[in-house]
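Beneath this line is the structure, given in structure tokens, with notes to follow.
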Amino acid sequence: MKNLDGLPFDREAEQQLLSALLAGPDYIFKVASDISPNFFFNEDHRAIYSKMVAKAQAGETIEEVTFINGESDERQLILQRLYDNAFTGTTAPHWARKVRECAYAREIFQLGNSLVNKASDFEGFQEADSFLREAVERVLSSFNVADTDTYSPAAISDICQTIQDRRDNPGIHGIKTLFPILDRVVKGLKLINIIAAPSGFGKTALALQWAWNIGVVQGIPTLYVNYEMGEDELLERMLACGSGVDLNKIQLGETDDQDNELVSKAREKLKNGKLFITGCEEKTIDHTINLIHQYRAQHQTQLVFIDYIGEIGRKQSEYDTHTYALYGHWVQMIKNTCSQLGMKSVLLAQLNRQGYEGAPGPEAMGDSMQIIHKAHLAIAFYLAKDGRPHLKTMKNRGGAIVQPIPINYTKNCQQITEAVF
């Protein structure tokens with residue numbers, strides 16, 4: 001679609017995107033990382049979108065009455081039509097792509113016009129070449145068309161300086177699990193970290209222990225994306241883990257005074273910590289990515305747990321895709337998002353039956369080997385032949401693969417620690 005001046009402009013895409021964001025305001029955090037206000041051609045649409053982003057970043061609820069209040073009569077009518085068309089936020093990523101594509105097309109169109117208008121004014125090839133290169137670089141930078149991981153000399157110098165600075169402050173600088181041996185080996189959690197275990201063995205218990213150690217004990221803002229358990233069940237397990245009180249007693253309300261005091265202390269620690277846990281409602285990969293963006297914007301989260309990748313809901317278009325390719329695609333999307341936001345992630349995945357029969361290898365990864373291929377660190381939680389649970393480093397990109405680490409797993413209170421000899 002074009003306006004009267006010939007500029008590419010898609011009114012429907014802009015209106016549909018704004019309606020989707022009004023229906024699902026949480027999607028603003030995902031969309032805002034890709035769509036700037038100047039991508040909107042229509043001035044009213046641009047102002048409405050800017051207001052949405054500002055309110056979301058300020059933590060204010062976007063409600064129809066308060067959002068429309070104070071606007072001109074003309075803009076109130078526009079907003080009313082947008083609200084009338086607001087059914088679901090799930091279409092926001094689709095319409096955002098349309099708006100972005102149209103904005104990019106306008107930039108190309110305007111660049112072409114500039115070249116036509118300036119062609120006769122250039123005094124020579126060098127001037128024309130310089131103008132064209134700068135203009136193209138500006139467009140590509142605005143829209144990230146190149147999408148490369150290239151570092152400039154200045155950025156590389158900064159990284160080298162960071163490495164050099166560690167000499168003044170030696171030790172582990174990344175996010176620690178508070179499992180001393182593991183932390184020393186991996187030197188802090190990496191971009192994509194996998195916890196893999198056979199079904200029902202305790203991968204969620206291990207993840208919750210790490211989440212407690214990181215989000216509550218260390219106070220590092222952490223998001224736990226939950227796909228399986230009800231909020232009550234998950235929090236009961238967290239309280240057992242934090243207090244050391246038998247989970248059955250907590251669930252049945254059979255705690256004595258001493259137990260209750262320990263549980264109360266754990267509850268207070270949770271309240272004052274930096275651990276955020278989602279409900280178990282079905283979430284697609286798009287919803288998951290949006291939550292990562294949202295909590296990063298609102299709470300400055302540094303780490304996200306995905307429990308677990310096999311429970312991510314499939315979109316209609318994904319039902320015919322084999323898990324090998326699909327799970328790999330999902331891991332790559334999480335990897336890209338966390339890299340962009342400067343976060344780390346812990347993904348839970350399934351091991352096949354080999355995890356019950358001694359130390360598993362990478363080939364024991366269930367559903368998709370792509371999961372371990374794309375990981376920076378992969379840990380197997382398994383039962384050794386001596387009958388004790390162990391952690392085995394299956395992959396440690398850039399680091400050593402050490403002997404399996406014996407683990408103490410107290411199931412009745414969901415506590416997991418490294419064994420001390």
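Please note that chains go A, B, ... in the order of the structure tokens, that every chain numbers its residues from 1, and that ligands are numbered from 1 in the order shown.
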
**Prompt:** Quick one: DSSP strand (DSSP E or B) residues in range 258-388 of chain A, as a list in words?
**Reply:** Leu275, Phe276, Ile277, Thr284, Leu303, Val304, Phe305, Ile306, Asp307, Gly313, Lys344, Ser345, Val346, Leu347, Leu348, Ala349, Gln350, Leu351, Met365, Leu377, Ala378, Ile379, Ala380, Phe381, Tyr382 and Leu383 of chain A

**Prompt:** Excluding same-chain residues fewer than 2 positions from Gly328 in chain A, what lies within 6 Å of it counting only C-alpha atoms, as a ChimeraX atom specification?
**Reply:** /A:325-326,330-331,370-371

**Prompt:** Could you write out, as a PyMOL selection string, all the residues of range 323-405 of chain A that DSSP marks as helix (DSSP H, G or I)?
**Reply:** chain A and resi 323-341+353-356+362-364+370-373

I need the residues from that last selection saved to file as a tab-separated table (two decimals), in the first residue's frame (with N, CA and C atoms), if you can.
```tsv
chain	number	residue	atom	x	y	z
A	323	THR	N	10.44	-33.05	16.33
A	323	THR	CA	11.06	-32.44	17.51
A	323	THR	C	12.54	-32.16	17.31
A	324	TYR	N	13.23	-32.94	16.48
A	324	TYR	CA	14.67	-32.72	16.27
A	324	TYR	C	14.93	-31.30	15.78
A	325	ALA	N	14.19	-30.90	14.75
A	325	ALA	CA	14.38	-29.56	14.20
A	325	ALA	C	13.69	-28.51	15.07
A	326	LEU	N	12.50	-28.84	15.59
A	326	LEU	CA	11.71	-27.85	16.32
A	326	LEU	C	12.40	-27.42	17.61
A	327	TYR	N	12.89	-28.39	18.39
A	327	TYR	CA	13.54	-28.04	19.65
A	327	TYR	C	14.83	-27.26	19.39
A	328	GLY	N	15.53	-27.63	18.35
A	328	GLY	CA	16.74	-26.88	17.99
A	328	GLY	C	16.40	-25.44	17.65
A	329	HIS	N	15.31	-25.24	16.94
A	329	HIS	CA	14.86	-23.89	16.58
A	329	HIS	C	14.50	-23.10	17.83
A	330	TRP	N	13.80	-23.74	18.77
A	330	TRP	CA	13.42	-23.05	20.00
A	330	TRP	C	14.64	-22.65	20.81
A	331	VAL	N	15.59	-23.57	20.94
A	331	VAL	CA	16.82	-23.25	21.69
A	331	VAL	C	17.54	-22.07	21.05
A	332	GLN	N	17.58	-22.05	19.71
A	332	GLN	CA	18.25	-20.96	19.01
A	332	GLN	C	17.53	-19.63	19.27
A	333	MET	N	16.21	-19.65	19.32
A	333	MET	CA	15.45	-18.42	19.59
A	333	MET	C	15.74	-17.91	21.00
A	334	ILE	N	15.79	-18.82	21.97
A	334	ILE	CA	16.11	-18.43	23.35
A	334	ILE	C	17.53	-17.91	23.43
A	335	LYS	N	18.42	-18.57	22.71
A	335	LYS	CA	19.83	-18.17	22.68
A	335	LYS	C	19.97	-16.76	22.11
A	336	ASN	N	19.30	-16.49	21.00
A	336	ASN	CA	19.37	-15.17	20.38
A	336	ASN	C	18.83	-14.09	21.31
A	337	THR	N	17.71	-14.39	21.96
A	337	THR	CA	17.07	-13.42	22.85
A	337	THR	C	17.96	-13.11	24.05
A	338	CYS	N	18.48	-14.15	24.70
A	338	CYS	CA	19.32	-13.94	25.88
A	338	CYS	C	20.62	-13.22	25.51
A	339	SER	N	21.17	-13.55	24.35
A	339	SER	CA	22.38	-12.87	23.90
A	339	SER	C	22.10	-11.39	23.69
A	340	GLN	N	20.97	-11.08	23.06
A	340	GLN	CA	20.60	-9.70	22.80
A	340	GLN	C	20.39	-8.91	24.10
A	341	LEU	N	19.80	-9.58	25.11
A	341	LEU	CA	19.47	-8.90	26.36
A	341	LEU	C	20.58	-8.98	27.40
A	353	ARG	N	16.35	-43.55	28.61
A	353	ARG	CA	16.51	-44.52	29.70
A	353	ARG	C	17.95	-44.72	30.12
A	354	GLN	N	18.89	-44.32	29.27
A	354	GLN	CA	20.31	-44.51	29.61
A	354	GLN	C	20.68	-43.81	30.90
A	355	GLY	N	19.94	-42.76	31.24
A	355	GLY	CA	20.23	-42.01	32.47
A	355	GLY	C	20.01	-42.81	33.74
A	356	TYR	N	19.32	-43.95	33.64
A	356	TYR	CA	19.11	-44.83	34.80
A	356	TYR	C	20.18	-45.91	34.88
A	362	PRO	N	26.29	-37.74	25.38
A	362	PRO	CA	25.43	-36.79	24.66
A	362	PRO	C	24.34	-37.46	23.84
A	363	GLU	N	24.63	-38.70	23.39
A	363	GLU	CA	23.64	-39.40	22.57
A	363	GLU	C	22.39	-39.78	23.36
A	364	ALA	N	22.44	-39.67	24.70
A	364	ALA	CA	21.28	-40.00	25.53
A	364	ALA	C	20.26	-38.87	25.59
A	370	GLN	N	19.85	-31.59	18.72
A	370	GLN	CA	20.09	-30.17	18.47
A	370	GLN	C	20.18	-29.38	19.78
A	371	ILE	N	19.52	-29.88	20.83
A	371	ILE	CA	19.54	-29.20	22.12
A	371	ILE	C	20.97	-29.11	22.64
A	372	ILE	N	21.67	-30.23	22.62
A	372	ILE	CA	23.04	-30.23	23.14
A	372	ILE	C	24.01	-29.59	22.16
A	373	HIS	N	23.73	-29.69	20.87
A	373	HIS	CA	24.60	-29.05	19.87
A	373	HIS	C	24.66	-27.54	20.09
```

**All residues 9 Å or closer to Phe179 in chain A, only C-alpha atoms, same chain fewer than 5 positions away omitted, as a list in words** =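 Near Phe179 in chain A, the qualifying residues are Arg184, Trp210, Thr417 and Glu418 of chain A.
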
How close does range 203-277 of chain A get to range 377-390 of chain A? List, as a tab-separated table, each residue of range 203-277 of chain A within 12 Å, its nearest atom pair and the distance in Å to one decimal, counting only C-alpha atoms.
```
residue	atom	partner	partner_atom	distance
A:Lys203	CA	A:Phe381	CA	6.9
A:Thr204	CA	A:Phe381	CA	10.6
A:Ala205	CA	A:Phe381	CA	10.6
A:Leu206	CA	A:Phe381	CA	8.4
A:Ala207	CA	A:Phe381	CA	10.7
```

Please, could you write that set of residues out with N, CA and C atoms as a PDB file, in the first residue's frame?
```pdb
ATOM      1  N   LYS A 203      15.060 -33.414  37.630  1.00  0.00           N
ATOM      2  CA  LYS A 203      15.643 -32.241  36.970  1.00  0.00           C
ATOM      3  C   LYS A 203      14.987 -30.949  37.460  1.00  0.00           C
ATOM      4  N   THR A 204      13.672 -30.996  37.752  1.00  0.00           N
ATOM      5  CA  THR A 204      13.017 -29.803  38.289  1.00  0.00           C
ATOM      6  C   THR A 204      13.521 -29.499  39.693  1.00  0.00           C
ATOM      7  N   ALA A 205      13.741 -30.525  40.502  1.00  0.00           N
ATOM      8  CA  ALA A 205      14.274 -30.308  41.851  1.00  0.00           C
ATOM      9  C   ALA A 205      15.644 -29.641  41.785  1.00  0.00           C
ATOM     10  N   LEU A 206      16.494 -30.090  40.862  1.00  0.00           N
ATOM     11  CA  LEU A 206      17.815 -29.490  40.701  1.00  0.00           C
ATOM     12  C   LEU A 206      17.690 -28.043  40.225  1.00  0.00           C
ATOM     13  N   ALA A 207      16.796 -27.806  39.268  1.00  0.00           N
ATOM     14  CA  ALA A 207      16.603 -26.451  38.758  1.00  0.00           C
ATOM     15  C   ALA A 207      16.083 -25.524  39.852  1.00  0.00           C
TER      16      ALA A 207
END
```

**Item:** Closest of A:Ala240, A:Leu21, A:Val225, A:Leu252 to Gly279 in chain A - atom-to-atom distances counting only C-alpha atoms
**Value:** A:Val225
